[in-house]
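Down below is the structure, laid out as structure tokens.
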Protein chains: 2
Amino acid sequence: MESEKALELVKKQLTDHRYQHTLGVMETAISLAKLYDADEKKAELAAIFHDYAKFRPKEEMKEIILSQGFPRDLLDYNAELWHAPVGSYLVEKEAGVTDPEILAAIRFHTSGRPGMTLLEKIIYLADYIEPGRHFPGVDEVRELARKNLDLALIKSIQNTIIFLLKKNQTVYPDTFYTYNDLLKNRRID
Amino acid sequence: MESEKALELVKKQLTDHRYQHTLGVMETAISLAKLYDADEKKAELAAIFHDYAKFRPKEEMKEIILSQGFPRDLLDYNAELWHAPVGSYLVEKEAGVTDPEILAAIRFHTSGRPGMTLLEKIIYLADYIEPGRHFPGVDEVRELARKNLDLALIKSIQNTIIFLLKKNQTVYPDTFYTYNDLLKNRRID
């Protein structure tokens, strides 16, 4: 699919603000793909579609999680996690994207997962550091992302978990499994 | 077993410093048991024995974890976790303590586990807040422990996870699961 067509499909699904965010993720994902020698076209499409399901009603998302065999325990955790797997399903069903690498990058862009692919890491990070993001620690991760993708990912997940803990929120198991997995496969001390 | 006998057995296993810590845990555990209507005698014995295996050689601890059916994945995480399950085994084998509640409180005093019993919570917390402990945040947990055991536990686990994340260390999954479990069973916001 051409990016113009993809953007057109996505624009209808998002608020203006979220569409601007998506453009930022797209640019960042393309840069990271160039830097780390990933497939730029796939990075572009995964970025464009990553938040496709963001504004679907919760009831619809629940129904898709249950009927499409996504882990049921997602429903016990923050609803912010749901749009990622639901998006991977709807992007295939409604937009006709079938590339499994792109769909996986959409599916795991919020929770992460142990054994993330290069494309999954790029989309996860691009979502975290795109130019429209402003929160404590984001500049440090931006800088790391130019040097070492895994270190940047570890830092972003550490920040995310600490943020959740400080707000007395639960942490989805895949998120801390992703953290442990990245740390074990890389010495960073 | 009388506490004098238990202390005598434990003293041989520990450094002076760690024995002083154990006395602090014992006093704190008895206070918490009184406050929350738990079995004071069991709290006392579990506290006395909680660090029984602390100074066993790593190789011996590994061997016990593998041969006694403790989760193998413990070996993939910080060795600081090992003395707790190994202690529960050795306290039964060498000191003849057979009470399953006491042994479980020893076993889970470092990692926690989902569905912790009252006694397990008391030992976990007493270990964290005994008078000899001095680190950022301990006073807040001490204060919480007098008011609400679960809130104190949640806070202590949040502190522990954040401490590990900031040191780029892995976090044993049971610790996260304990945190999520406590949070789900209690609204604290």
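Convention: chains lettered A, B, ... in structure tokens order; per-chain residue numbering from 1; ligands numbered from 1 as shown.
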Mind dumping a table of every chain B residue within 8 Å of chain A, with the nearest atom pair and its distance in Å to one decimal, using only C-alpha atoms, sorted by chain and rising number, as a Markdown table?
| residue | atom | partner | partner_atom | distance |
| --- | --- | --- | --- | --- |
| B:Gln158 | CA | A:Leu165 | CA | 6.0 |
| B:Ile162 | CA | A:Ile162 | CA | 6.1 |
| B:Leu165 | CA | A:Gln158 | CA | 6.0 |
| B:Lys166 | CA | A:Gln158 | CA | 7.6 |
| B:Asn168 | CA | A:Asp189 | CA | 7.2 |
| B:Gln169 | CA | A:Leu183 | CA | 7.5 |
| B:Thr170 | CA | A:Asn180 | CA | 5.1 |
| B:Val171 | CA | A:Asn180 | CA | 6.7 |
| B:Pro173 | CA | A:Tyr177 | CA | 7.6 |
| B:Phe176 | CA | A:Val171 | CA | 7.5 |
| B:Tyr177 | CA | A:Pro173 | CA | 7.7 |
| B:Tyr179 | CA | A:Thr170 | CA | 7.4 |
| B:Asn180 | CA | A:Thr170 | CA | 5.1 |
| B:Leu183 | CA | A:Thr170 | CA | 6.8 |
| B:Lys184 | CA | A:Thr170 | CA | 7.7 |
| B:Ile188 | CA | A:Asn168 | CA | 7.5 |
| B:Asp189 | CA | A:Asn168 | CA | 7.2 |
List the spatial neighbours of Tyr124 in chain A as a list in words - criterion: any atom at most 9 Å away, only C-alpha atoms, same-chain residues fewer than 2 positions off excluded.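 The neighbour list is Ala105, Ile106, Phe108, His109, Thr110, Ser111, Gly112, Leu119, Glu120, Lys121, Ile122, Ala126, Asp127, Tyr128 and Leu153 of chain A.
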N, CA and C atoms of the current selection, written as a PDB file, in the first residue's frame:
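The file below, selection-v5.pdb, is the result:
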ATOM      1  N   ALA A 105       4.192  -5.439  14.607  1.00  0.00           N
ATOM      2  CA  ALA A 105       4.707  -4.155  15.129  1.00  0.00           C
ATOM      3  C   ALA A 105       3.564  -3.303  15.675  1.00  0.00           C
ATOM      4  N   ILE A 106       2.410  -3.374  15.039  1.00  0.00           N
ATOM      5  CA  ILE A 106       1.223  -2.663  15.552  1.00  0.00           C
ATOM      6  C   ILE A 106       0.753  -3.326  16.849  1.00  0.00           C
ATOM      7  N   PHE A 108       2.259  -5.070  19.126  1.00  0.00           N
ATOM      8  CA  PHE A 108       3.085  -5.004  20.341  1.00  0.00           C
ATOM      9  C   PHE A 108       3.650  -3.612  20.616  1.00  0.00           C
ATOM     10  N   HIS A 109       3.072  -2.599  19.976  1.00  0.00           N
ATOM     11  CA  HIS A 109       3.694  -1.271  20.124  1.00  0.00           C
ATOM     12  C   HIS A 109       3.466  -0.643  21.499  1.00  0.00           C
ATOM     13  N   THR A 110       2.541  -1.150  22.290  1.00  0.00           N
ATOM     14  CA  THR A 110       2.305  -0.568  23.621  1.00  0.00           C
ATOM     15  C   THR A 110       2.880  -1.430  24.741  1.00  0.00           C
ATOM     16  N   SER A 111       2.670  -2.744  24.642  1.00  0.00           N
ATOM     17  CA  SER A 111       3.139  -3.632  25.717  1.00  0.00           C
ATOM     18  C   SER A 111       4.588  -4.073  25.518  1.00  0.00           C
ATOM     19  N   GLY A 112       5.047  -4.086  24.264  1.00  0.00           N
ATOM     20  CA  GLY A 112       6.282  -4.805  23.973  1.00  0.00           C
ATOM     21  C   GLY A 112       6.038  -6.290  24.121  1.00  0.00           C
ATOM     22  N   LEU A 119      11.782  -4.392  13.692  1.00  0.00           N
ATOM     23  CA  LEU A 119      10.674  -3.504  13.316  1.00  0.00           C
ATOM     24  C   LEU A 119       9.788  -3.172  14.527  1.00  0.00           C
ATOM     25  N   GLU A 120       9.526  -4.153  15.358  1.00  0.00           N
ATOM     26  CA  GLU A 120       8.723  -3.914  16.565  1.00  0.00           C
ATOM     27  C   GLU A 120       9.398  -2.906  17.490  1.00  0.00           C
ATOM     28  N   LYS A 121      10.710  -3.052  17.635  1.00  0.00           N
ATOM     29  CA  LYS A 121      11.442  -2.106  18.482  1.00  0.00           C
ATOM     30  C   LYS A 121      11.376  -0.688  17.923  1.00  0.00           C
ATOM     31  N   ILE A 122      11.502  -0.592  16.598  1.00  0.00           N
ATOM     32  CA  ILE A 122      11.488   0.733  15.957  1.00  0.00           C
ATOM     33  C   ILE A 122      10.139   1.423  16.159  1.00  0.00           C
ATOM     34  N   ALA A 126       9.659   4.745  18.245  1.00  0.00           N
ATOM     35  CA  ALA A 126       9.211   5.920  17.483  1.00  0.00           C
ATOM     36  C   ALA A 126       7.972   6.519  18.146  1.00  0.00           C
ATOM     37  N   ASP A 127       7.098   5.652  18.643  1.00  0.00           N
ATOM     38  CA  ASP A 127       5.897   6.103  19.337  1.00  0.00           C
ATOM     39  C   ASP A 127       6.264   6.878  20.604  1.00  0.00           C
ATOM     40  N   TYR A 128       7.343   6.472  21.225  1.00  0.00           N
ATOM     41  CA  TYR A 128       7.764   7.068  22.495  1.00  0.00           C
ATOM     42  C   TYR A 128       8.491   8.406  22.289  1.00  0.00           C
ATOM     43  N   LEU A 153      15.412   1.431  24.218  1.00  0.00           N
ATOM     44  CA  LEU A 153      14.202   0.682  24.551  1.00  0.00           C
ATOM     45  C   LEU A 153      14.156   0.356  26.042  1.00  0.00           C
TER      46      LEU A 153
END
DSSP says helix (DSSP H, G or I) for which residues of chain B? Put them as a PyMOL selection string? chain B and resi 3-11+16-35+40-49+58-67+72-76+79-81+83-95+100-107+118-129+138-147+149-166+173-184
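Using only C-alpha atoms, the residues found no farther than 10 Å from Arg18 in chain A, other than those of its own chain fewer than 4 positions away, are Lys11, Gln13, Leu14, Thr22, Leu23, Gly24, Asp51, Tyr52, Lys54 and Phe55 of chain A.
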Would you save the residues of that selection, restricted to N, CA and C atoms, as a compact mmCIF listing (two decimals), in the first residue's frame?
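So the final result, stored in selection.txt, reads:
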# COMPACT_ATOMS: atom_id res chain seq x y z
N LYS A 11 -6.41 8.77 8.74
CA LYS A 11 -6.90 10.11 9.12
C LYS A 11 -8.36 10.06 9.58
N GLN A 13 -9.79 7.76 11.11
CA GLN A 13 -9.94 7.04 12.38
C GLN A 13 -9.49 7.87 13.58
N LEU A 14 -8.79 8.97 13.31
CA LEU A 14 -8.11 9.66 14.42
C LEU A 14 -8.56 11.10 14.58
N THR A 22 0.76 10.66 14.76
CA THR A 22 1.04 9.58 13.82
C THR A 22 2.07 10.01 12.77
N LEU A 23 1.95 11.23 12.28
CA LEU A 23 2.94 11.74 11.31
C LEU A 23 4.33 11.80 11.95
N GLY A 24 4.36 12.19 13.22
CA GLY A 24 5.64 12.22 13.94
C GLY A 24 6.23 10.83 14.09
N ASP A 51 -1.81 3.44 15.53
CA ASP A 51 -2.90 3.86 16.43
C ASP A 51 -4.28 3.75 15.77
N TYR A 52 -4.36 2.95 14.74
CA TYR A 52 -5.61 2.84 13.96
C TYR A 52 -6.83 2.64 14.86
N LYS A 54 -7.21 3.37 18.08
CA LYS A 54 -7.12 4.17 19.31
C LYS A 54 -8.48 4.68 19.81
N PHE A 55 -9.36 5.04 18.89
CA PHE A 55 -10.62 5.66 19.33
C PHE A 55 -11.84 4.76 19.16
Please provide the set of residues having any atom within 12 Å of Pro100 in chain B, restricted to only C-alpha atoms, with same-chain residues fewer than 6 positions apart removed, written as a PyMOL selection string. chain B and resi 42+46+88-89+91-92+106-107+117+119-120
Let me see the file: selected residues, N, CA, C and O atoms, as a PDB file, in the first residue's frame.
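And here is the file that came out, again21.pdb:
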ATOM      1  N   LYS B  42       4.212 -17.719  65.547  1.00  0.00           N
ATOM      2  CA  LYS B  42       4.661 -18.053  64.184  1.00  0.00           C
ATOM      3  C   LYS B  42       5.437 -16.893  63.567  1.00  0.00           C
ATOM      4  O   LYS B  42       6.431 -17.089  62.871  1.00  0.00           O
ATOM      5  N   ALA B  46       9.217 -17.355  62.255  1.00  0.00           N
ATOM      6  CA  ALA B  46       9.498 -17.081  60.836  1.00  0.00           C
ATOM      7  C   ALA B  46      10.537 -15.968  60.718  1.00  0.00           C
ATOM      8  O   ALA B  46      11.445 -16.033  59.883  1.00  0.00           O
ATOM      9  N   SER B  88      13.825 -21.845  53.388  1.00  0.00           N
ATOM     10  CA  SER B  88      12.633 -22.598  53.805  1.00  0.00           C
ATOM     11  C   SER B  88      12.926 -24.098  53.816  1.00  0.00           C
ATOM     12  O   SER B  88      12.443 -24.840  54.669  1.00  0.00           O
ATOM     13  N   TYR B  89      13.737 -24.543  52.875  1.00  0.00           N
ATOM     14  CA  TYR B  89      14.108 -25.960  52.815  1.00  0.00           C
ATOM     15  C   TYR B  89      15.042 -26.342  53.969  1.00  0.00           C
ATOM     16  O   TYR B  89      14.816 -27.326  54.671  1.00  0.00           O
ATOM     17  N   VAL B  91      15.638 -24.805  56.823  1.00  0.00           N
ATOM     18  CA  VAL B  91      15.062 -24.626  58.155  1.00  0.00           C
ATOM     19  C   VAL B  91      14.234 -25.861  58.526  1.00  0.00           C
ATOM     20  O   VAL B  91      14.228 -26.291  59.684  1.00  0.00           O
ATOM     21  N   GLU B  92      13.594 -26.441  57.535  1.00  0.00           N
ATOM     22  CA  GLU B  92      12.864 -27.683  57.808  1.00  0.00           C
ATOM     23  C   GLU B  92      13.849 -28.828  58.037  1.00  0.00           C
ATOM     24  O   GLU B  92      13.761 -29.570  59.007  1.00  0.00           O
ATOM     25  N   ILE B 106       9.066 -17.758  55.151  1.00  0.00           N
ATOM     26  CA  ILE B 106      10.515 -17.699  54.863  1.00  0.00           C
ATOM     27  C   ILE B 106      10.742 -17.746  53.353  1.00  0.00           C
ATOM     28  O   ILE B 106      11.485 -16.947  52.792  1.00  0.00           O
ATOM     29  N   ARG B 107      10.052 -18.659  52.700  1.00  0.00           N
ATOM     30  CA  ARG B 107      10.257 -18.869  51.260  1.00  0.00           C
ATOM     31  C   ARG B 107       9.971 -17.621  50.428  1.00  0.00           C
ATOM     32  O   ARG B 107      10.665 -17.343  49.453  1.00  0.00           O
ATOM     33  N   THR B 117      -0.172 -14.685  52.286  1.00  0.00           N
ATOM     34  CA  THR B 117      -0.924 -14.798  53.542  1.00  0.00           C
ATOM     35  C   THR B 117      -0.550 -13.626  54.451  1.00  0.00           C
ATOM     36  O   THR B 117       0.439 -12.929  54.215  1.00  0.00           O
ATOM     37  N   LEU B 119       0.717 -13.803  57.415  1.00  0.00           N
ATOM     38  CA  LEU B 119       2.050 -14.039  57.990  1.00  0.00           C
ATOM     39  C   LEU B 119       3.159 -13.707  56.974  1.00  0.00           C
ATOM     40  O   LEU B 119       4.181 -13.100  57.324  1.00  0.00           O
ATOM     41  N   GLU B 120       2.953 -14.092  55.723  1.00  0.00           N
ATOM     42  CA  GLU B 120       3.939 -13.779  54.677  1.00  0.00           C
ATOM     43  C   GLU B 120       4.113 -12.269  54.526  1.00  0.00           C
ATOM     44  O   GLU B 120       5.235 -11.769  54.383  1.00  0.00           O
TER      45      GLU B 120
END
Residues near Lys62 in chain B, cut-off 8 Å, only C-alpha atoms, skip fewer than 3 positions along chain, as a PyMOL selection string: chain B and resi 58-59+65-66+75+82
Shell of 12 Å around Lys34 in chain B, only C-alpha atoms, local chain residues under 5 positions omitted, as JSON, numbers by chain: {"B": [27, 28, 29, 39, 40, 41, 42, 43, 44, 118, 119, 122, 146]}
Using N, CA and C atoms, can you write the selected residues to a file as a PDB file, in the first residue's frame?
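Output below, filename out-v5.pdb:
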ATOM      1  N   GLU B  27      11.501  -8.435  66.360  1.00  0.00           N
ATOM      2  CA  GLU B  27      10.712  -7.453  67.136  1.00  0.00           C
ATOM      3  C   GLU B  27       9.606  -6.833  66.286  1.00  0.00           C
ATOM      4  N   THR B  28       9.973  -6.454  65.065  1.00  0.00           N
ATOM      5  CA  THR B  28       8.999  -5.793  64.191  1.00  0.00           C
ATOM      6  C   THR B  28       7.883  -6.754  63.812  1.00  0.00           C
ATOM      7  N   ALA B  29       8.253  -7.991  63.529  1.00  0.00           N
ATOM      8  CA  ALA B  29       7.240  -8.984  63.135  1.00  0.00           C
ATOM      9  C   ALA B  29       6.260  -9.242  64.288  1.00  0.00           C
ATOM     10  N   ASP B  39      -0.694 -14.755  64.275  1.00  0.00           N
ATOM     11  CA  ASP B  39      -0.104 -15.645  65.287  1.00  0.00           C
ATOM     12  C   ASP B  39       1.295 -15.129  65.652  1.00  0.00           C
ATOM     13  N   GLU B  40       1.425 -14.611  66.870  1.00  0.00           N
ATOM     14  CA  GLU B  40       2.697 -13.974  67.266  1.00  0.00           C
ATOM     15  C   GLU B  40       3.851 -14.969  67.317  1.00  0.00           C
ATOM     16  N   LYS B  41       3.547 -16.160  67.760  1.00  0.00           N
ATOM     17  CA  LYS B  41       4.595 -17.183  67.888  1.00  0.00           C
ATOM     18  C   LYS B  41       5.140 -17.560  66.504  1.00  0.00           C
ATOM     19  N   LYS B  42       4.212 -17.719  65.547  1.00  0.00           N
ATOM     20  CA  LYS B  42       4.661 -18.053  64.184  1.00  0.00           C
ATOM     21  C   LYS B  42       5.437 -16.893  63.567  1.00  0.00           C
ATOM     22  N   ALA B  43       4.968 -15.683  63.823  1.00  0.00           N
ATOM     23  CA  ALA B  43       5.665 -14.502  63.295  1.00  0.00           C
ATOM     24  C   ALA B  43       7.085 -14.450  63.872  1.00  0.00           C
ATOM     25  N   GLU B  44       7.198 -14.722  65.147  1.00  0.00           N
ATOM     26  CA  GLU B  44       8.499 -14.692  65.805  1.00  0.00           C
ATOM     27  C   GLU B  44       9.452 -15.732  65.186  1.00  0.00           C
ATOM     28  N   LEU B 118      -1.348 -13.476  55.521  1.00  0.00           N
ATOM     29  CA  LEU B 118      -1.053 -12.412  56.491  1.00  0.00           C
ATOM     30  C   LEU B 118       0.364 -12.574  57.055  1.00  0.00           C
ATOM     31  N   LEU B 119       0.717 -13.803  57.415  1.00  0.00           N
ATOM     32  CA  LEU B 119       2.050 -14.039  57.990  1.00  0.00           C
ATOM     33  C   LEU B 119       3.159 -13.707  56.974  1.00  0.00           C
ATOM     34  N   ILE B 122       3.582 -10.010  56.802  1.00  0.00           N
ATOM     35  CA  ILE B 122       4.234  -9.479  58.005  1.00  0.00           C
ATOM     36  C   ILE B 122       5.748  -9.685  57.950  1.00  0.00           C
ATOM     37  N   ARG B 146       1.839   0.859  60.114  1.00  0.00           N
ATOM     38  CA  ARG B 146       1.032   0.955  61.337  1.00  0.00           C
ATOM     39  C   ARG B 146      -0.440   1.142  61.026  1.00  0.00           C
TER      40      ARG B 146
END
